[in-house]
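So this one's query-v4.pdb, PDB, C-alpha atoms and all ligand atoms:
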ATOM      1  CA  MET A   1       0.000   0.000   0.000
ATOM      2  CA  ALA A   2       1.473   3.392  -0.889
ATOM      3  CA  LEU A   3       1.264   6.412   1.352
ATOM      4  CA  SER A   4      -1.543   8.518  -0.081
ATOM      5  CA  THR A   5      -0.557  12.057   0.773
ATOM      6  CA  GLY A   6       3.164  12.791   0.791
ATOM      7  CA  PHE A   7       4.471  12.384   4.314
ATOM      8  CA  ASP A   8       1.215  13.114   6.092
ATOM      9  CA  LYS A   9       0.375  10.315   8.465
ATOM     10  CA  ILE A  10      -2.513   8.024   7.566
ATOM     11  CA  LYS A  11      -5.492   8.894   9.753
ATOM     12  CA  THR A  12      -6.390   5.718  11.600
ATOM     13  CA  ALA A  13      -9.230   4.555  13.834
ATOM     14  CA  VAL A  14      -8.702   1.776  16.378
ATOM     15  CA  PHE A  15     -11.705  -0.397  17.257
ATOM     16  CA  ILE A  16     -11.722  -1.990  20.720
ATOM     17  CA  SER A  17     -14.044  -3.896  23.056
ATOM     18  CA  GLY A  18     -11.930  -4.382  26.191
ATOM     19  CA  LYS A  19      -8.666  -3.660  27.911
ATOM     20  CA  GLY A  20      -7.015  -1.876  25.015
ATOM     21  CA  SER A  21      -3.397  -2.856  25.629
ATOM     22  CA  ASN A  22      -2.890  -3.187  21.859
ATOM     23  CA  LEU A  23      -4.519   0.214  21.443
ATOM     24  CA  LYS A  24      -1.984   1.657  23.884
ATOM     25  CA  SER A  25       0.939   0.113  22.022
ATOM     26  CA  LEU A  26      -0.428   1.446  18.707
ATOM     27  CA  ILE A  27      -0.831   4.944  20.153
ATOM     28  CA  LYS A  28       2.756   4.895  21.406
ATOM     29  CA  PHE A  29       3.948   3.654  18.016
ATOM     30  CA  SER A  30       1.935   6.328  16.193
ATOM     31  CA  LYS A  31       3.779   9.074  18.079
ATOM     32  CA  ASN A  32       7.063   7.832  16.627
ATOM     33  CA  LYS A  33       8.465   9.895  13.735
ATOM     34  CA  ARG A  34       8.814   6.710  11.694
ATOM     35  CA  SER A  35       5.180   5.719  12.095
ATOM     36  CA  PRO A  36       3.117   5.997   8.900
ATOM     37  CA  ILE A  37      -0.108   6.312  10.920
ATOM     38  CA  SER A  38      -1.690   8.668  13.420
ATOM     39  CA  ILE A  39      -4.465   7.489  15.729
ATOM     40  CA  ASP A  40      -7.327   9.945  15.437
ATOM     41  CA  LEU A  41     -10.343   8.020  16.658
ATOM     42  CA  ILE A  42     -11.147   5.211  19.096
ATOM     43  CA  ILE A  43     -14.324   3.221  18.475
ATOM     44  CA  SER A  44     -15.598   0.961  21.243
ATOM     45  CA  SER A  45     -18.402  -1.598  21.100
ATOM     46  CA  ASN A  46     -18.489  -1.549  24.904
ATOM     47  CA  SER A  47     -19.158   1.485  27.089
ATOM     48  CA  LYS A  48     -17.230  -0.131  29.959
ATOM     49  CA  ALA A  49     -14.116  -0.982  27.950
ATOM     50  CA  LEU A  50     -11.044  -0.080  30.020
ATOM     51  CA  GLY A  51      -9.262   0.898  26.823
ATOM     52  CA  LEU A  52     -11.531   3.940  26.576
ATOM     53  CA  ASN A  53      -9.332   5.564  29.246
ATOM     54  CA  TYR A  54      -6.633   6.010  26.602
ATOM     55  CA  SER A  55      -8.913   8.491  24.875
ATOM     56  CA  LYS A  56      -8.518  10.847  27.811
ATOM     57  CA  ASN A  57      -4.884  10.020  28.538
ATOM     58  CA  PHE A  58      -3.770  10.670  24.978
ATOM     59  CA  ASN A  59      -6.406  13.193  23.980
ATOM     60  CA  ILE A  60      -7.920  11.099  21.191
ATOM     61  CA  LYS A  61     -11.555  11.369  20.163
ATOM     62  CA  LYS A  62     -13.718   8.375  21.141
ATOM     63  CA  LYS A  63     -17.087   7.042  20.137
ATOM     64  CA  ILE A  64     -19.025   4.256  21.854
ATOM     65  CA  LEU A  65     -21.466   2.418  19.627
ATOM     66  CA  ASN A  66     -24.067  -0.212  20.380
ATOM     67  CA  PHE A  67     -23.659  -3.063  17.908
ATOM     68  CA  ASN A  68     -27.037  -4.729  18.536
ATOM     69  CA  ASN A  69     -28.373  -3.577  15.195
ATOM     70  CA  LYS A  70     -25.467  -4.174  12.838
ATOM     71  CA  ARG A  71     -26.808  -2.384   9.767
ATOM     72  CA  LEU A  72     -27.780   0.695  11.733
ATOM     73  CA  VAL A  73     -24.550   0.905  13.688
ATOM     74  CA  GLU A  74     -22.389   0.361  10.613
ATOM     75  CA  ASN A  75     -24.145   3.243   8.854
ATOM     76  CA  LYS A  76     -23.431   5.468  11.861
ATOM     77  CA  LEU A  77     -19.885   4.215  11.946
ATOM     78  CA  LEU A  78     -19.276   4.974   8.272
ATOM     79  CA  LEU A  79     -20.501   8.537   8.818
ATOM     80  CA  GLU A  80     -18.273   8.967  11.864
ATOM     81  CA  LEU A  81     -15.233   7.641  10.023
ATOM     82  CA  LYS A  82     -15.926   9.941   7.084
ATOM     83  CA  LYS A  83     -16.425  12.939   9.356
ATOM     84  CA  ASN A  84     -12.980  12.304  10.863
ATOM     85  CA  ASN A  85     -11.308  11.600   7.490
ATOM     86  CA  ILE A  86     -10.294   8.132   8.634
ATOM     87  CA  GLU A  87      -8.371   6.209   5.974
ATOM     88  CA  MET A  88      -7.431   3.074   7.858
ATOM     89  CA  ILE A  89      -8.827   0.878  10.648
ATOM     90  CA  CYS A  90      -6.970  -1.289  13.169
ATOM     91  CA  LEU A  91      -9.063  -3.815  15.063
ATOM     92  CA  ALA A  92      -7.473  -4.391  18.466
ATOM     93  CA  GLY A  93      -9.421  -6.770  20.677
ATOM     94  CA  PHE A  94     -12.609  -5.782  18.851
ATOM     95  CA  MET A  95     -15.083  -8.581  19.488
ATOM     96  CA  LYS A  96     -17.708  -7.818  16.821
ATOM     97  CA  ILE A  97     -17.849  -9.069  13.259
ATOM     98  CA  LEU A  98     -18.041  -6.420  10.543
ATOM     99  CA  SER A  99     -20.269  -7.025   7.519
ATOM    100  CA  LYS A 100     -19.062  -7.554   3.957
ATOM    101  CA  ARG A 101     -20.775  -4.293   3.039
ATOM    102  CA  PHE A 102     -18.816  -2.358   5.681
ATOM    103  CA  ILE A 103     -15.495  -3.980   4.799
ATOM    104  CA  LYS A 104     -15.976  -3.076   1.104
ATOM    105  CA  ASN A 105     -15.791   0.590   2.104
ATOM    106  CA  PHE A 106     -12.256   0.069   3.444
ATOM    107  CA  LYS A 107     -10.889  -2.543   1.067
ATOM    108  CA  ASN A 108      -7.410  -3.663   2.240
ATOM    109  CA  LYS A 109      -7.465  -0.875   4.813
ATOM    110  CA  ILE A 110      -8.675  -2.871   7.828
ATOM    111  CA  LEU A 111      -6.156  -4.837   9.889
ATOM    112  CA  ASN A 112      -6.765  -7.201  12.793
ATOM    113  CA  ILE A 113      -4.631  -8.917  15.392
ATOM    114  CA  HIS A 114      -5.521 -12.400  16.563
ATOM    115  CA  PRO A 115      -3.813 -14.371  19.362
ATOM    116  CA  SER A 116      -3.035 -17.549  17.416
ATOM    117  CA  LEU A 117      -1.000 -18.748  14.468
ATOM    118  CA  LEU A 118      -3.761 -18.361  11.891
ATOM    119  CA  PRO A 119      -5.275 -20.159  10.051
ATOM    120  CA  LYS A 120      -5.238 -22.273  13.214
ATOM    121  CA  TYR A 121      -7.565 -21.404  16.082
ATOM    122  CA  LYS A 122      -9.830 -18.754  14.617
ATOM    123  CA  GLY A 123     -12.540 -17.371  16.867
ATOM    124  CA  LEU A 124     -12.888 -17.284  20.634
ATOM    125  CA  ASN A 125     -11.289 -19.110  23.589
ATOM    126  CA  THR A 126      -8.127 -19.515  21.546
ATOM    127  CA  HIS A 127      -5.577 -20.201  24.286
ATOM    128  CA  GLN A 128      -7.601 -22.908  26.023
ATOM    129  CA  ARG A 129      -8.193 -24.726  22.741
ATOM    130  CA  VAL A 130      -4.462 -24.535  21.941
ATOM    131  CA  LEU A 131      -3.590 -26.002  25.367
ATOM    132  CA  ASN A 132      -6.256 -28.716  25.087
ATOM    133  CA  ASN A 133      -4.624 -29.863  21.851
ATOM    134  CA  ASN A 134      -1.144 -30.031  23.449
ATOM    135  CA  GLU A 135       0.329 -27.723  20.840
ATOM    136  CA  LYS A 136       4.055 -26.967  21.133
ATOM    137  CA  PHE A 137       3.700 -23.442  19.785
ATOM    138  CA  SER A 138       1.109 -20.744  19.603
ATOM    139  CA  GLY A 139       1.552 -17.066  18.766
ATOM    140  CA  CYS A 140      -0.145 -14.127  17.145
ATOM    141  CA  THR A 141      -1.060 -12.950  13.668
ATOM    142  CA  VAL A 142      -1.754  -9.587  12.065
ATOM    143  CA  HIS A 143      -3.887  -9.913   8.944
ATOM    144  CA  PHE A 144      -6.073  -7.956   6.562
ATOM    145  CA  VAL A 145      -9.743  -8.232   7.421
ATOM    146  CA  SER A 146     -11.971 -10.028   4.952
ATOM    147  CA  ALA A 147     -15.641 -10.846   5.235
ATOM    148  CA  LYS A 148     -14.798 -14.262   6.744
ATOM    149  CA  LEU A 149     -13.817 -14.377  10.439
ATOM    150  CA  ASP A 150     -10.025 -14.235  11.059
ATOM    151  CA  SER A 151      -9.397 -15.262   7.449
ATOM    152  CA  GLY A 152      -7.890 -12.368   5.439
ATOM    153  CA  LYS A 153      -4.364 -12.301   4.006
ATOM    154  CA  ILE A 154      -1.685 -12.706   6.676
ATOM    155  CA  ILE A 155       0.780  -9.814   7.063
ATOM    156  CA  LEU A 156       3.010 -11.045   9.917
ATOM    157  CA  GLN A 157       3.085 -13.762  12.555
ATOM    158  CA  LYS A 158       5.133 -14.363  15.684
ATOM    159  CA  LYS A 159       5.582 -17.823  17.206
ATOM    160  CA  VAL A 160       5.525 -18.276  20.978
ATOM    161  CA  LYS A 161       6.713 -21.504  22.613
ATOM    162  CA  ILE A 162       4.263 -23.126  24.993
ATOM    163  CA  LYS A 163       5.662 -23.987  28.423
ATOM    164  CA  LYS A 164       4.856 -27.133  30.364
ATOM    165  CA  ASN A 165       2.872 -25.396  33.081
ATOM    166  CA  ASP A 166       1.179 -22.792  30.909
ATOM    167  CA  THR A 167      -2.415 -21.918  31.702
ATOM    168  CA  LYS A 168      -4.596 -19.932  29.348
ATOM    169  CA  LYS A 169      -3.755 -16.881  31.472
ATOM    170  CA  THR A 170       0.034 -17.235  31.400
ATOM    171  CA  LEU A 171      -0.011 -18.036  27.693
ATOM    172  CA  ALA A 172      -2.278 -15.081  26.885
ATOM    173  CA  LYS A 173       0.034 -12.795  28.839
ATOM    174  CA  ARG A 174       3.180 -13.948  27.005
ATOM    175  CA  ILE A 175       1.479 -13.729  23.620
ATOM    176  CA  LEU A 176       0.157 -10.245  24.392
ATOM    177  CA  VAL A 177       3.728  -8.992  24.936
ATOM    178  CA  GLN A 178       4.506 -10.179  21.389
ATOM    179  CA  GLU A 179       1.273  -8.688  20.006
ATOM    180  CA  HIS A 180       2.376  -5.253  21.155
ATOM    181  CA  LYS A 181       5.534  -5.577  19.042
ATOM    182  CA  LEU A 182       3.948  -7.357  16.083
ATOM    183  CA  TYR A 183       1.142  -4.893  15.297
ATOM    184  CA  PRO A 184       3.455  -1.891  14.728
ATOM    185  CA  LYS A 185       5.852  -4.087  12.697
ATOM    186  CA  ALA A 186       2.958  -5.258  10.517
ATOM    187  CA  ILE A 187       1.871  -1.671   9.893
ATOM    188  CA  LEU A 188       5.393  -0.747   8.828
ATOM    189  CA  LYS A 189       5.363  -3.736   6.478
ATOM    190  CA  VAL A 190       2.012  -2.753   4.951
ATOM    191  CA  PHE A 191       3.401   0.677   4.097
ATOM    192  CA  ASN A 192       6.795  -0.677   2.967
ATOM    193  CA  PHE A 193       8.652   1.217   5.651
TER     194      PHE A 193
HETATM  195  C1  LIG B 201      -5.699  -9.590  22.258
HETATM  196  O1  LIG B 201      -5.056 -10.764  22.678
HETATM  197  C2  LIG B 201      -6.179  -9.726  20.827
HETATM  198  O2  LIG B 201      -5.307 -10.446  20.008
HETATM  199  C3  LIG B 201      -7.470 -10.471  21.029
HETATM  200  O3  LIG B 201      -8.056  -9.880  22.157
HETATM  201  C4  LIG B 201      -7.016  -9.391  23.022
HETATM  202  C5  LIG B 201      -7.305  -7.941  23.293
HETATM  203  O4  LIG B 201      -6.422  -7.417  24.246
HETATM  204  N1  LIG B 201      -8.306 -10.395  19.855
HETATM  205  C6  LIG B 201      -9.087 -11.376  19.437
HETATM  206  O5  LIG B 201      -9.226 -12.418  20.035
HETATM  207  C7  LIG B 201      -9.837 -11.078  18.145
HETATM  208  N2  LIG B 201     -10.295 -12.263  17.535
HETATM  209  P1  LIG B 201      -6.293  -5.847  24.429
HETATM  210  O6  LIG B 201      -7.712  -5.302  24.583
HETATM  211  O7  LIG B 201      -5.484  -5.693  25.699
HETATM  212  O8  LIG B 201      -5.577  -5.292  23.222
END

Could you express the structure from this file as structure tokens?
Ligand code: GAR
Amino acid sequence: MALSTGFDKIKTAVFISGKGSNLKSLIKFSKNKRSPISIDLIISSNSKALGLNYSKNFNIKKKILNFNNKRLVENKLLLELKKNNIEMICLAGFMKILSKRFIKNFKNKILNIHPSLLPKYKGLNTHQRVLNNNEKFSGCTVHFVSAKLDSGKIILQKKVKIKKNDTKKTLAKRILVQEHKLYPKAILKVFNF
């Protein structure tokens, strides 16, 4: 993907539903001179998401939307994104599925991070399923978002070795540390930096 407007940063929205630790790492990355993106909007599907605190801490506009009626909320969302001149979307712990129609509006401009080595272990409860299957490795993946869940083209992956006594909590924690490094790296790769 080429940078659209000289050296202006790409205006980006981050979609969250929870803690927002990936959001925080993306915000920090975006402040770097080398970052091709700026974070200009936080969208949350959950009014209680802890990650919403980063809106205040970093002075970034936020919008909380109720995803019960998908068509309605996606129309609102498209307006909001347009209003803020958003060119790119990073899903970061966003637990809702976007429609084909919505994704078409941002073709190859929506990225997601998932805590497994895709195409293995799409969906929820990833770490427990990995442990149940006695896998030797797990990891995380940044990929383009397509209409099918966790299935778009893979940009980057990082392997994480599973330890003997790992629980889903300890594994999630170790993978999250890698996620925070992988997402910025994947963005640099997308923009050929
Ligand atoms: C992360 O592990 C992310 O990969 C995962 O949710 C967590 C969010 O943490 N996303 C998915 O499972 C999406 N399918 P965070 O809110 O601290 O960034």

Per residue of chain A within 7 Å of ligand LIG 201 (chain B), what are the shortest atom pair and its distance in Å to one decimal, counting all atoms listed in the file, with rows by chain and residue number, as a tab-separated table?
residue	atom	partner	partner_atom	distance
A:Ile16	CA	B:LIG201	O6	6.5
A:Ser17	CA	B:LIG201	O6	6.7
A:Gly18	CA	B:LIG201	O6	4.6
A:Lys19	CA	B:LIG201	O6	3.8
A:Gly20	CA	B:LIG201	O6	3.5
A:Ser21	CA	B:LIG201	O7	3.5
A:Asn22	CA	B:LIG201	O8	3.7
A:Leu23	CA	B:LIG201	O8	5.9
A:Gly51	CA	B:LIG201	O6	6.8
A:Ala92	CA	B:LIG201	O8	5.2
A:Gly93	CA	B:LIG201	C5	3.6
A:Phe94	CA	B:LIG201	C7	6.0
A:Met95	CA	B:LIG201	C7	6.0
A:Ile113	CA	B:LIG201	O2	4.9
A:His114	CA	B:LIG201	O2	4.0
A:Pro115	CA	B:LIG201	O2	4.2
A:Gly123	CA	B:LIG201	N2	5.6
A:Leu124	CA	B:LIG201	O5	6.1
A:Cys140	CA	B:LIG201	O2	7.0
A:Asp150	CA	B:LIG201	N2	6.8
A:Ala172	CA	B:LIG201	O1	6.6
A:Leu176	CA	B:LIG201	O1	5.5
A:Glu179	CA	B:LIG201	O2	6.8

Take the PyMOL selection byres (((chain A and resi 45) around 8) and not hetatm), apply it to the structure above, and return the hits as a list in words.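 Matching residues under the PyMOL selection byres (((chain A and resi 45) around 8) and not hetatm) are Phe15, Ile16, Ser17, Ile43, Ser44, Asn46, Ser47, Ile64, Leu65, Asn66, Phe67, Phe94, Met95 and Lys96 of chain A.
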
Using the chain letters and residue numbers of this document, give as a ChimeraX atom specification the residues selected by the PyMOL selection byres (((chain A and resi 159) around 9) and not hetatm). /A:116-117,137-141,157-158,160-161,175,178

Expanded to explicit residues, what is the PyMOL selection byres (((chain A and resi 39) around 12) and not hetatm) for this file, as a count of residues only? 39

Nearest to A:Lys163, chosen from A:Leu131, A:Ile103, A:Leu149, A:Ile97, with all atoms listed in the file counted in the distances: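 Checking each of A:Leu131, A:Ile103, A:Leu149, A:Ile97 against A:Lys163, counting all atoms listed in the file, the winner is A:Leu131.
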
Pick from A:Val145, A:Leu79, A:Lys63, A:His127 nearest to A:Lys107, counting only C-alpha atoms: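 Looking at the shortest contact to A:Lys107, the residue is A:Val145.
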
Rank nothing, just name the residue among A:Leu182, A:Asp8, A:Asn165, A:Lys148 nearest to A:Lys33, using only C-alpha atoms.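 Among the listed residues, the smallest separation from A:Lys33 belongs to A:Asp8.
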
Between A:Asn192, A:Asn125, A:Asn133, A:Ser146, which is the closest to A:Arg101 once you count all atoms listed in the file?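 Smallest distance to A:Arg101 is found for A:Ser146.
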